[in-house]
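Chemist: Can you read through this structure? Questions will come right after.
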Amino acid sequence: MLLAKSRGAEVRLRRNSLLWTAYLAVKRLMDVVLASISLIVLSPLLVMVAVAVWVDLGRPILFLQDRVGKNGKPFRILKFRTMHKWAPAYSLKVARGDPNITRFGRFLRQSSIDELPQLVNVIMGEMSLVGPRPEQPCIVEQFYQPWQYRRFSVTPGLTGWWQVNGRSDKPMHENTELDIYYVEKQSLWLDLRILATTVGVVLHKKGAR
């Protein structure tokens, strides 16, 4: 059923190729402009967080992790470190009492500040402000069904439909249907709606770990 819907969406996009091209151009422009402004405005905060992470965990300050991007192309996502060096490479769901996460690291995760370095990924074109979250290759290899690969047909995002409809209440690979919804319905209006809703979700720490 989802595959049929996906094919229908592809047909509609081909019929409106000029509108689709214009949308992608505006979306990319919005990504670069808003991400650049955000980095400039938030630079004092980013410096303070970097120093605090260094005091809390030492070096490296940033955590780099392989993720699956558009069309399956791998890239490295940037995050502030929140866990000790001996922590596992990944987990399907981070428990609230996970000893690998420091107290300050938990604050960074709950406030989503740990993900702010991904604004650099956005400027580089590896991510967008809005889109499906980029999944870890090991999760894709172990758990993904063929229909779920549809989410890789668009650029992954810093936030998305999944994040504003539950965030981390479920493992990401269990929320693929929400990402497929975005893939099929994406538009500039939906992108703006998701960005606006993300602010409220983050402030209320809904679904955060």
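Going through the structure tokens in order, the chains are called A, B, and so on, while each chain numbers its residues from 1 and the ligands are numbered from 1 in the order shown.
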Report as an mmCIF file with C-alpha atoms, in the first residue's frame all protein, DNA and RNA residues lying within 6 Å of Leu62 of chain A, evaluated on only C-alpha atoms, omitting residues in the same chain fewer than 4 positions from it.
Modeler:
```cif
data_model
loop_
_atom_site.group_PDB
_atom_site.id
_atom_site.type_symbol
_atom_site.label_atom_id
_atom_site.label_comp_id
_atom_site.auth_asym_id
_atom_site.auth_seq_id
_atom_site.Cartn_x
_atom_site.Cartn_y
_atom_site.Cartn_z
ATOM 1 C CA LYS A 79 27.005 16.320 17.456
ATOM 2 C CA PHE A 80 28.309 17.575 20.768
ATOM 3 C CA ARG A 81 29.514 14.625 22.827
#
```
Chemist: So that I can see what lies close to segment 127-135 of chain A, please list as a PyMOL selection string the residues with an atom at most 9 Å from it, counting only C-alpha atoms and leaving out residues fewer than 3 positions away in the same chain.
Modeler: chain A and resi 27-28+30-32+34-35+66-70+77+118-124+138-140+151-152+154-163+172-173+176+178-180+182-183+186+191-192+194-195
Chemist: So the first atom is atom CA of Met83 of chain A and the second is atom CA of Asn100 of chain A; what is the distance between them in Å, to one decimal place?
Modeler: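 If I compute the distance from atom CA of Met83 of chain A to atom CA of Asn100 of chain A, I get 5.2 Å.
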Chemist: Find, counting only C-alpha atoms, the residue in A:Gly72, A:Leu64, A:Phe107, A:Glu177 that gets nearest to Trp147 of chain A.
Modeler: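 Looking at the shortest contact to Trp147 of chain A, the residue is A:Glu177.
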Chemist: Any chance you could list, as a ChimeraX atom specification, the residues in segment 20-186 of chain A that come up strand (DSSP E or B) when DSSP is run on the backbone?
Modeler: /A:62-68,74-80,83,101,128-130,157-159
Chemist: Could you jot down the atom CA of Arg103 of chain A to atom CA of Val202 of chain A separation for me, Å, one decimal place?
Modeler: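 Interatomic distance here is 18.2 Å.
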Chemist: Find the residue from A:Leu108, A:Val26, A:Val164, A:Leu188 that sits nearest to Leu45 of chain A; use only C-alpha atoms when measuring.
Modeler: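 Distance minimum relative to Leu45 of chain A lands on A:Leu108.
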